[in-house]
Structure formats: structure tokens, C-alpha cells
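The structure file final.txt is reproduced below (compact mmCIF, C-alpha atoms).
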```txt
# COMPACT_ATOMS: atom_id res chain seq x y z
CA MET A 1069 3.08 -13.18 -7.28
CA ARG A 1070 2.24 -12.63 -10.92
CA ASN A 1071 -1.45 -13.27 -10.27
CA ILE A 1072 -1.44 -10.91 -7.29
CA LEU A 1073 0.15 -8.20 -9.43
CA ARG A 1074 -2.44 -8.75 -12.15
CA LYS A 1075 -5.19 -8.41 -9.55
CA GLU A 1076 -3.66 -5.14 -8.38
CA MET A 1077 -3.42 -3.77 -11.91
CA ARG A 1078 -6.88 -4.82 -13.09
CA LEU A 1079 -9.08 -4.67 -9.99
CA SER A 1080 -7.48 -2.54 -7.28
CA ALA A 1081 -5.82 0.23 -9.24
CA SER A 1082 -7.45 3.58 -9.89
CA VAL A 1083 -7.31 4.80 -13.49
CA LEU A 1084 -5.66 7.94 -12.11
CA SER A 1085 -2.59 5.91 -11.19
CA TYR A 1086 -2.07 5.18 -14.87
CA LEU A 1087 -2.96 8.66 -16.10
CA PHE A 1088 -0.67 10.36 -13.61
CA ILE A 1089 2.31 8.46 -15.04
CA LEU A 1090 2.25 11.13 -17.74
CA PHE A 1091 3.34 13.69 -15.17
CA GLY A 1092 6.80 12.24 -15.75
CA PHE A 1093 6.88 14.51 -18.80
CA MET A 1094 6.85 17.51 -16.46
CA PHE A 1095 10.65 17.22 -16.67
CA LEU A 1096 10.26 18.89 -20.07
CA LEU A 1097 8.65 22.02 -18.62
CA PRO A 1098 10.96 25.05 -18.38
CA GLY A 1099 10.58 27.43 -15.46
CA TYR A 1100 8.75 24.85 -13.36
CA PRO A 1101 9.87 22.77 -10.33
CA VAL A 1102 10.27 19.52 -12.26
CA LEU A 1103 10.35 17.33 -9.16
CA CYS A 1104 6.67 18.08 -8.64
CA GLY A 1105 6.17 15.47 -11.36
CA ALA A 1106 7.30 12.78 -8.91
CA PHE A 1107 4.81 14.07 -6.36
CA PHE A 1108 1.90 13.92 -8.82
CA VAL A 1109 2.81 10.33 -9.72
CA SER A 1110 2.67 9.54 -6.00
CA LEU A 1111 -0.69 11.32 -5.79
CA GLY A 1112 -2.02 9.00 -8.49
CA LEU A 1113 -0.85 6.00 -6.47
CA PHE A 1114 -2.56 7.42 -3.40
CA GLN A 1115 -5.83 7.35 -5.35
CA SER A 1116 -5.40 3.61 -5.89
CA PHE A 1117 -5.01 3.02 -2.16
CA GLN A 1118 -8.08 5.14 -1.50
CA THR A 1119 -10.12 3.25 -4.11
CA ALA A 1120 -8.91 -0.10 -2.77
CA ARG A 1121 -9.80 0.79 0.81
CA GLU A 1122 -13.32 1.87 -0.07
CA ALA A 1123 -13.78 -1.42 -1.95
CA ASN A 1124 -12.47 -3.38 1.07
CA ASP A 1125 -9.73 -4.73 -1.20
CA ILE A 1126 -7.33 -5.65 1.61
CA VAL A 1127 -9.81 -8.03 3.24
CA PHE A 1128 -10.65 -9.52 -0.16
CA SER A 1129 -6.95 -10.05 -0.92
CA ALA A 1130 -6.32 -11.61 2.49
CA LEU A 1131 -9.11 -14.14 1.83
CA LEU A 1132 -7.39 -15.32 -1.33
CA PRO A 1133 -5.32 -18.54 -1.09
CA VAL A 1134 -2.07 -16.60 -0.73
CA ALA A 1135 0.15 -15.66 2.19
CA LYS A 1136 -0.54 -12.33 3.88
CA LYS A 1137 3.01 -11.28 3.00
CA ASP A 1138 2.20 -11.75 -0.68
CA VAL A 1139 -0.68 -9.27 -0.35
CA VAL A 1140 1.82 -6.65 0.83
CA ARG A 1141 4.39 -7.57 -1.80
CA GLY A 1142 1.73 -7.30 -4.50
CA LYS A 1143 0.97 -3.72 -3.45
CA TYR A 1144 4.66 -2.84 -3.45
CA LEU A 1145 5.17 -4.43 -6.86
CA PHE A 1146 2.31 -2.41 -8.31
CA VAL A 1147 3.61 0.81 -6.76
CA CYS A 1148 7.13 0.16 -8.04
CA LEU A 1149 5.78 -0.65 -11.51
CA ILE A 1150 3.99 2.70 -11.75
CA GLU A 1151 7.06 4.50 -10.40
CA ALA A 1152 9.30 2.72 -12.92
CA CYS A 1153 7.04 3.75 -15.82
CA ALA A 1154 7.09 7.37 -14.64
CA PHE A 1155 10.86 7.21 -14.19
CA ILE A 1156 11.26 6.09 -17.81
CA LEU A 1157 9.28 9.13 -19.01
CA MET A 1158 11.40 11.37 -16.77
CA ALA A 1159 14.59 9.80 -18.13
CA ILE A 1160 13.42 10.34 -21.73
CA SER A 1161 12.69 13.99 -20.90
CA VAL A 1162 16.11 14.44 -19.30
CA ILE A 1163 17.90 12.86 -22.26
CA LEU A 1164 16.03 15.16 -24.64
CA ARG A 1165 16.97 18.22 -22.60
CA MET A 1166 20.61 17.09 -22.37
CA THR A 1167 20.94 16.42 -26.10
CA VAL A 1168 18.31 17.64 -28.57
CA PHE A 1169 17.34 20.75 -26.58
CA CYS A 1170 20.75 21.48 -25.04
CA GLY A 1171 21.02 24.74 -27.00
CA SER A 1172 17.49 25.94 -26.32
CA VAL A 1173 17.37 29.42 -24.79
CA VAL A 1174 14.22 28.61 -22.81
CA TYR A 1175 16.11 25.89 -20.95
CA ARG A 1176 19.42 27.74 -20.71
CA SER A 1177 17.74 30.72 -19.08
CA ASN A 1178 15.78 28.55 -16.64
CA ALA A 1179 16.12 29.95 -13.11
CA LEU A 1180 14.88 26.79 -11.46
CA MET A 1181 16.43 23.35 -11.15
CA ASN A 1182 17.53 21.85 -14.45
CA ALA A 1183 16.16 18.46 -15.46
CA ASN A 1184 19.43 16.55 -15.22
CA LEU A 1185 20.61 13.26 -13.77
CA PHE A 1186 20.70 14.77 -10.27
CA ALA A 1187 17.01 15.61 -10.63
CA LEU A 1188 16.36 12.02 -11.70
CA GLY A 1189 18.18 10.82 -8.60
CA LEU A 1190 16.03 13.07 -6.40
CA ALA A 1191 12.90 11.74 -8.10
CA CYS A 1192 14.03 8.25 -7.05
CA VAL A 1193 14.48 9.52 -3.50
CA ILE A 1194 10.93 10.92 -3.53
CA PHE A 1195 9.55 7.60 -4.77
CA GLY A 1196 11.53 5.77 -2.09
CA LEU A 1197 10.16 8.10 0.58
CA PHE A 1198 6.63 7.49 -0.69
CA ASN A 1199 7.14 3.75 -0.36
CA ARG A 1200 8.66 4.10 3.10
CA ILE A 1201 6.40 6.75 4.61
CA PHE A 1202 3.06 6.25 2.90
CA VAL A 1203 2.90 2.60 1.80
CA GLY A 1204 4.72 1.41 4.92
CA GLY A 1205 2.54 3.66 7.08
CA PHE A 1206 -0.63 2.34 5.46
CA PHE A 1207 0.21 -1.25 6.33
CA GLN A 1208 0.59 -0.39 10.00
CA THR A 1209 -3.23 -0.47 10.09
CA ALA A 1210 -4.14 -1.61 6.53
CA TYR A 1211 -6.89 1.01 6.70
CA LYS A 1212 -5.73 4.50 7.71
CA PHE A 1213 -3.76 6.45 5.10
CA GLY A 1214 -4.45 10.13 5.84
CA ARG A 1215 -1.64 10.71 8.33
CA PRO A 1216 1.00 8.77 6.33
CA PHE A 1217 0.17 10.74 3.19
CA VAL A 1218 0.30 14.10 4.96
CA SER A 1219 3.68 13.09 6.42
CA PHE A 1220 4.88 12.15 2.94
CA ILE A 1221 3.70 15.49 1.49
CA ILE A 1222 5.72 17.41 4.09
CA VAL A 1223 8.89 15.38 3.49
CA CYS A 1224 8.39 15.37 -0.30
CA PHE A 1225 8.15 19.14 -0.62
CA PHE A 1226 11.12 19.54 1.70
CA VAL A 1227 13.15 17.43 -0.76
CA ILE A 1228 11.80 19.50 -3.67
CA PHE A 1229 12.73 22.70 -1.86
CA MET A 1230 16.25 21.41 -1.16
CA GLY A 1231 16.64 20.36 -4.78
CA GLU A 1232 15.69 23.84 -5.93
CA ALA A 1233 17.88 25.58 -3.33
CA LEU A 1234 21.10 23.56 -3.17
CA HIS A 1235 22.52 24.70 -6.50
CA HIS A 1236 22.35 28.30 -5.27
CA VAL A 1237 24.78 27.45 -2.45
CA PRO A 1238 28.36 28.47 -3.33
CA GLY A 1239 30.34 25.42 -4.42
CA LEU A 1240 27.30 23.34 -5.31
CA GLN A 1241 26.57 24.88 -8.70
CA ARG A 1242 27.52 21.61 -10.41
CA LEU A 1243 24.35 20.04 -9.03
CA ASN A 1244 22.51 22.12 -11.60
CA ALA A 1245 24.68 21.04 -14.52
CA PHE A 1246 23.17 21.49 -17.97
CA GLY A 1247 23.47 18.99 -20.81
CA THR A 1248 26.42 16.66 -20.38
CA ASP A 1249 28.39 19.02 -18.12
CA ASP A 1250 29.93 17.29 -15.07
CA ILE A 1251 28.53 14.00 -16.34
CA ALA A 1252 30.61 11.85 -13.93
CA ILE A 1253 29.21 13.63 -10.88
CA GLN A 1254 25.72 13.53 -12.35
CA LEU A 1255 25.93 9.76 -12.89
CA LEU A 1256 27.16 9.27 -9.33
CA LEU A 1257 24.26 11.32 -7.96
CA LEU A 1258 21.78 9.34 -10.05
CA ALA A 1259 23.24 6.04 -8.82
CA THR A 1260 23.02 7.31 -5.23
CA GLY A 1261 19.36 8.22 -5.70
CA ILE A 1262 18.57 4.78 -7.14
CA LEU A 1263 20.40 3.10 -4.25
CA ILE A 1264 18.42 5.15 -1.71
CA PHE A 1265 15.19 4.16 -3.48
CA VAL A 1266 16.07 0.46 -3.32
CA MET A 1267 17.09 0.62 0.34
CA LEU A 1268 13.97 2.53 1.41
CA THR A 1269 11.64 0.29 -0.59
CA VAL A 1270 13.12 -3.04 0.49
CA SER A 1271 13.29 -2.09 4.17
CA SER A 1272 9.77 -0.68 4.05
CA CYS A 1273 8.38 -3.81 2.37
CA ARG A 1274 9.95 -6.08 4.99
CA LYS A 1275 8.55 -4.02 7.86
CA ALA A 1276 5.13 -3.77 6.18
CA CYS A 1277 5.01 -7.57 5.87
CA GLU A 1278 5.71 -7.89 9.59
CA ASP A 1279 3.13 -5.24 10.49
CA PHE A 1280 0.46 -6.79 8.28
CA GLU A 1281 1.03 -10.23 9.79
CA ARG A 1282 0.14 -8.81 13.21
CA ILE A 1283 -3.08 -7.14 12.06
CA ASP A 1284 -6.33 -8.96 12.81
CA LEU A 1285 -8.52 -8.14 9.85
```

Go through the file and emit its structure as C-alpha cells.
Amino acid sequence: MRNILRKEMRLSASVLSYLFILFGFMFLLPGYPVLCGAFFVSLGLFQSFQTAREANDIVFSALLPVAKKDVVRGKYLFVCLIEACAFILMAISVILRMTVFCGSVVYRSNALMNANLFALGLACVIFGLFNRIFVGGFFQTAYKFGRPFVSFIIVCFFVIFMGEALHHVPGLQRLNAFGTDDIAIQLLLLATGILIFVMLTVSSCRKACEDFERIDL
């Protein structure tokens, strides 16, 4: 698996996948829908799939002396690696906003969703949905990716819209907690988001392995 992952990182990946990791720092932007950072990271990953398809990477990988399931797992490992790197940048941004910049007026007066642990949890949900809808959808054919990505965009921006809207609902104001306010609830929401990511990714990978086994390349 390590060699497959190295092949993904060095040969199959688009440079945009690495550059777009930096969009994790969008969690530092005040007055901006911070969850769009997760979408842009996913967009960078989409570029890698596009580059790989044009280079006929799937057929090349299938011809290697590895199981077809390992080809799928290598793609998922690469995707999860990029998502994990972006998540670390998002987490650093959130920690800075919850501590160093907790008294900043520009963040306190922010009308949009605060970059808190709940936002981190929703970013994990978006990454999980990308893995389930787009990556899983791609391996249904191992060639077509337009429809899965459009489906992901629709679902992704619905999640972003809900994240921006929920804290305006009476009784849900704590979802938009600032700094270390309501930290117990925030930690629970983050853990829930991570759990959803793991469940979506693992189930998607298993199904993608089964789908790819049935494809006659």
C-alpha cells in the first residue's frame, strides 16, 4: 500500500491538490463562509482525478502487480491524506481564533458562521460526503466523474448553507459559540463530524472496491 500511495502522490496527483490545501486557512477569514475552504480542498482533489483520467492512470495502476482493490484503496488514502493536511490547517486557524484572536472586534462582529469546533465538524462532514459521493461515484465507472462532482457540489453547498443558517434558529445559537464558550457541546459536535467522516469514507471505500472489481477495463 505504501508504494501505491507514493505512486498516487508523485505521478497521479495534480499540483493543485497540494496548493489547494492552503484553503484550510480560509477559517481565518472574517465575514466569509469559512466552510467554502473545505469545498476548495475538494476541488483540488477533483483536479487530480481529472489529470489521472486524462493520463489513463487507472488502467496503468490496474496493470501493476497489485490487487484491483489496492488501486481503489490507494486513491482513498491519497484523498484522505490531503483532507487530513487541510483539516490540520483548519484546526490551527480555529485554535487561533478561539485563543489569540478571541478578543478581536473583526471576529466578534462577524455576522456569518464562526470558525469553531462545530465548523470543523462540518468540514469533516463535507470531506466525508466528497469521499462518498464523488470518489465512490467515480469508481462506479472508473472514468466518468462529471455527474458525481456536480452531485457533490449540490450537497456540499447545502451543508454550507445549513451551517450558516442553523445558528440563526432560536435555541441553536450555541452552534455559533465563540472562543471557548460551550466547549463541551463544541467538542461533541466535532467528534460527531469526525465519526460521520469515518463512516462515510469506510463504507464508500468498501463499495468502491466492489464496483471496481466488476469493471472490465

Rank nothing, just name the residue among A:Tyr1175, A:Phe1220, A:Phe1117, A:Tyr1144 nearest to Leu1096 (chain A), using all atoms listed in the file. A:Tyr1175

Record the distance separating CA of Met1267 (chain A) and CA of Phe1198 (chain A), expressed in Å with one decimal.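 These two atoms are separated by 12.6 Å.
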
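Distances to Phe1114 (chain A) were evaluated for A:Asn1199, A:Asn1178, A:Ser1172, A:Asn1244 using all atoms listed in the file, and the minimum falls at A:Asn1199.
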
Measuring between all atoms listed in the file, which one of A:Val1266, A:Ile1089, A:Ala1106, A:Leu1149 shows the shortest distance to Leu1073 (chain A)? A:Leu1149

With only C-alpha atoms as the counted atoms, please give the residues lying no more than 10 Å from Thr1248 (chain A), apart from itself and same-chain residues fewer than 5 positions off, as a CSV table (one decimal) with C-alpha atoms, keeping the file's coordinate frame.
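See part_37.csv below for the written result:
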```csv
chain,number,residue,atom,x,y,z
A,1163,ILE,CA,17.9,12.9,-22.3
A,1165,ARG,CA,17.0,18.2,-22.6
A,1166,MET,CA,20.6,17.1,-22.4
A,1167,THR,CA,20.9,16.4,-26.1
A,1170,CYS,CA,20.8,21.5,-25.0
A,1184,ASN,CA,19.4,16.6,-15.2
A,1185,LEU,CA,20.6,13.3,-13.8
A,1254,GLN,CA,25.7,13.5,-12.4
```

Proximity to Leu1087 (chain A) - best of A:Asp1138, A:Ile1150, A:Phe1107, A:Asp1249, all atoms listed in the file: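 Closest to Leu1087 (chain A) of all the choices is A:Ile1150.
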
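Using all atoms listed in the file, the nearest neighbour of Ala1183 (chain A) within the list A:Met1158, A:Phe1206, A:Val1147, A:Cys1224 is A:Met1158.
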
Separation of CA of Gln1208 (chain A) from CA of Ala1276 (chain A) in Å: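 Calculated distance between CA of Ala1276 (chain A) and CA of Gln1208 (chain A) is 6.8 Å.
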
Extract, using only C-alpha atoms, all DNA, RNA and protein residues at most 12 Å from Cys1153 (chain A), discarding same-chain residues fewer than 2 positions from it, and format them as number ranges by chain. A: 1085-1093, 1106, 1109, 1146-1151, 1155-1160, 1195

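Excluding Asp1279 (chain A) itself and any same-chain residue fewer than 3 positions from it, the protein and nucleic acid residues within 9 Å of it, counting all atoms listed in the file, are Gly1204, Phe1207, Gln1208, Thr1209, Arg1274, Lys1275, Ala1276, Arg1282 and Ile1283 of chain A.
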
Selection export as a compact mmCIF listing (two decimals), in the coordinates of the input, atoms kept: C-alpha atoms:
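Result file selection05.txt:
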```txt
# COMPACT_ATOMS: atom_id res chain seq x y z
CA GLY A 1204 4.72 1.41 4.92
CA PHE A 1207 0.21 -1.25 6.33
CA GLN A 1208 0.59 -0.39 10.00
CA THR A 1209 -3.23 -0.47 10.09
CA ARG A 1274 9.95 -6.08 4.99
CA LYS A 1275 8.55 -4.02 7.86
CA ALA A 1276 5.13 -3.77 6.18
CA ARG A 1282 0.14 -8.81 13.21
CA ILE A 1283 -3.08 -7.14 12.06
```

Do you have the CA of Lys1137 (chain A)-CA of Asn1124 (chain A) distance handy? 17.5 Å

Go through region 1120-1225 of chain A and flag each residue having an atom no more than 7 Å from region 1257-1264 of chain A; for those, report the closest pair of atoms plus their distance in Å to one decimal, using all atoms listed in the file, ordered by chain and rising number, as a Markdown table.
```
| residue | atom | partner | partner_atom | distance |
| --- | --- | --- | --- | --- |
| A:Leu1185 | CA | A:Leu1258 | CA | 5.5 |
| A:Phe1186 | CA | A:Leu1257 | CA | 5.5 |
| A:Leu1188 | CA | A:Leu1258 | CA | 6.3 |
| A:Gly1189 | CA | A:Gly1261 | CA | 4.1 |
| A:Leu1190 | CA | A:Gly1261 | CA | 5.9 |
| A:Cys1192 | CA | A:Gly1261 | CA | 5.5 |
| A:Val1193 | CA | A:Gly1261 | CA | 5.5 |
| A:Gly1196 | CA | A:Ile1264 | CA | 6.9 |
```

May I ask which of the residues A:Ile1221, A:Ala1233, A:Leu1113, A:Leu1268 is the closest one to Ser1080 (chain A), counting all atoms listed in the file? A:Leu1113

Starting from the point (-10.0, 3.8, -1.0), work out which residues of protein, DNA or RNA have an atom no more than 12 Å away when counting all atoms listed in the file; state them as a PyMOL selection string. chain A and resi 1080-1082+1113-1126+1206+1210-1214

Just to be explicit: take each residue in the selection above, keep C-alpha atoms, and write the result as an mmCIF file, in the coordinates of the input.
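Okay, selection_1.cif is ready:
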```cif
data_model
loop_
_atom_site.group_PDB
_atom_site.id
_atom_site.type_symbol
_atom_site.label_atom_id
_atom_site.label_comp_id
_atom_site.auth_asym_id
_atom_site.auth_seq_id
_atom_site.Cartn_x
_atom_site.Cartn_y
_atom_site.Cartn_z
ATOM 1 C CA SER A 1080 -7.480 -2.540 -7.280
ATOM 2 C CA ALA A 1081 -5.820 0.230 -9.240
ATOM 3 C CA SER A 1082 -7.450 3.580 -9.890
ATOM 4 C CA LEU A 1113 -0.850 6.000 -6.470
ATOM 5 C CA PHE A 1114 -2.560 7.420 -3.400
ATOM 6 C CA GLN A 1115 -5.830 7.350 -5.350
ATOM 7 C CA SER A 1116 -5.400 3.610 -5.890
ATOM 8 C CA PHE A 1117 -5.010 3.020 -2.160
ATOM 9 C CA GLN A 1118 -8.080 5.140 -1.500
ATOM 10 C CA THR A 1119 -10.120 3.250 -4.110
ATOM 11 C CA ALA A 1120 -8.910 -0.100 -2.770
ATOM 12 C CA ARG A 1121 -9.800 0.790 0.810
ATOM 13 C CA GLU A 1122 -13.320 1.870 -0.070
ATOM 14 C CA ALA A 1123 -13.780 -1.420 -1.950
ATOM 15 C CA ASN A 1124 -12.470 -3.380 1.070
ATOM 16 C CA ASP A 1125 -9.730 -4.730 -1.200
ATOM 17 C CA ILE A 1126 -7.330 -5.650 1.610
ATOM 18 C CA PHE A 1206 -0.630 2.340 5.460
ATOM 19 C CA ALA A 1210 -4.140 -1.610 6.530
ATOM 20 C CA TYR A 1211 -6.890 1.010 6.700
ATOM 21 C CA LYS A 1212 -5.730 4.500 7.710
ATOM 22 C CA PHE A 1213 -3.760 6.450 5.100
ATOM 23 C CA GLY A 1214 -4.450 10.130 5.840
#
```

Show which residues sit within 12 Å of Met1069 (chain A), as an MDAnalysis selection string. Count only C-alpha atoms, and ignore same-chain residues fewer than 3 positions away. chainID A and resid 1072:1076 1133:1146

Please produce region 1164-1185 of chain A, completed to N, CA and C atoms, as an mmCIF file, in the coordinates of the input.
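Listing of rebuild31.cif after writing:
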```
data_model
loop_
_atom_site.group_PDB
_atom_site.id
_atom_site.type_symbol
_atom_site.label_atom_id
_atom_site.label_comp_id
_atom_site.auth_asym_id
_atom_site.auth_seq_id
_atom_site.Cartn_x
_atom_site.Cartn_y
_atom_site.Cartn_z
ATOM 1 N N LEU A 1164 16.369 14.165 -23.614
ATOM 2 C CA LEU A 1164 16.030 15.160 -24.640
ATOM 3 C C LEU A 1164 16.592 16.527 -24.286
ATOM 4 N N ARG A 1165 16.469 16.911 -23.018
ATOM 5 C CA ARG A 1165 16.970 18.220 -22.600
ATOM 6 C C ARG A 1165 18.494 18.267 -22.603
ATOM 7 N N MET A 1166 19.149 17.118 -22.394
ATOM 8 C CA MET A 1166 20.610 17.090 -22.370
ATOM 9 C C MET A 1166 21.213 16.994 -23.757
ATOM 10 N N THR A 1167 20.413 16.629 -24.750
ATOM 11 C CA THR A 1167 20.940 16.420 -26.100
ATOM 12 C C THR A 1167 20.233 17.310 -27.128
ATOM 13 N N VAL A 1168 19.028 16.943 -27.499
ATOM 14 C CA VAL A 1168 18.310 17.640 -28.570
ATOM 15 C C VAL A 1168 18.080 19.105 -28.235
ATOM 16 N N PHE A 1169 17.686 19.389 -26.969
ATOM 17 C CA PHE A 1169 17.340 20.750 -26.580
ATOM 18 C C PHE A 1169 18.443 21.443 -25.779
ATOM 19 N N CYS A 1170 19.671 20.930 -25.871
ATOM 20 C CA CYS A 1170 20.750 21.480 -25.040
ATOM 21 C C CYS A 1170 21.080 22.929 -25.400
ATOM 22 N N GLY A 1171 20.742 23.358 -26.611
ATOM 23 C CA GLY A 1171 21.020 24.740 -27.000
ATOM 24 C C GLY A 1171 19.827 25.655 -26.909
ATOM 25 N N SER A 1172 18.722 25.150 -26.393
ATOM 26 C CA SER A 1172 17.490 25.940 -26.320
ATOM 27 C C SER A 1172 17.623 27.054 -25.291
ATOM 28 N N VAL A 1173 17.283 28.258 -25.689
ATOM 29 C CA VAL A 1173 17.370 29.420 -24.790
ATOM 30 C C VAL A 1173 16.415 29.273 -23.612
ATOM 31 N N VAL A 1174 15.231 28.714 -23.863
ATOM 32 C CA VAL A 1174 14.220 28.610 -22.810
ATOM 33 C C VAL A 1174 14.688 27.721 -21.677
ATOM 34 N N TYR A 1175 15.549 26.738 -21.991
ATOM 35 C CA TYR A 1175 16.110 25.890 -20.950
ATOM 36 C C TYR A 1175 17.376 26.486 -20.360
ATOM 37 N N ARG A 1176 18.171 27.128 -21.185
ATOM 38 C CA ARG A 1176 19.420 27.740 -20.710
ATOM 39 C C ARG A 1176 19.151 28.868 -19.729
ATOM 40 N N SER A 1177 18.060 29.575 -19.939
ATOM 41 C CA SER A 1177 17.740 30.720 -19.080
ATOM 42 C C SER A 1177 16.832 30.332 -17.914
ATOM 43 N N ASN A 1178 16.651 29.037 -17.700
ATOM 44 C CA ASN A 1178 15.780 28.550 -16.640
ATOM 45 C C ASN A 1178 16.375 28.869 -15.271
ATOM 46 N N ALA A 1179 15.616 29.569 -14.439
ATOM 47 C CA ALA A 1179 16.120 29.950 -13.110
ATOM 48 C C ALA A 1179 15.953 28.842 -12.085
ATOM 49 N N LEU A 1180 15.126 27.873 -12.402
ATOM 50 C CA LEU A 1180 14.880 26.790 -11.460
ATOM 51 C C LEU A 1180 15.800 25.613 -11.747
ATOM 52 N N MET A 1181 15.581 24.536 -11.032
ATOM 53 C CA MET A 1181 16.430 23.350 -11.150
ATOM 54 C C MET A 1181 16.354 22.767 -12.561
ATOM 55 N N ASN A 1182 17.502 22.476 -13.146
ATOM 56 C CA ASN A 1182 17.530 21.850 -14.450
ATOM 57 C C ASN A 1182 17.123 20.380 -14.349
ATOM 58 N N ALA A 1183 16.502 19.880 -15.402
ATOM 59 C CA ALA A 1183 16.160 18.460 -15.460
ATOM 60 C C ALA A 1183 17.393 17.691 -15.903
ATOM 61 N N ASN A 1184 18.207 17.299 -14.939
ATOM 62 C CA ASN A 1184 19.430 16.550 -15.220
ATOM 63 C C ASN A 1184 19.422 15.240 -14.455
ATOM 64 N N LEU A 1185 20.546 14.553 -14.437
ATOM 65 C CA LEU A 1185 20.610 13.260 -13.770
ATOM 66 C C LEU A 1185 20.465 13.390 -12.253
#
```
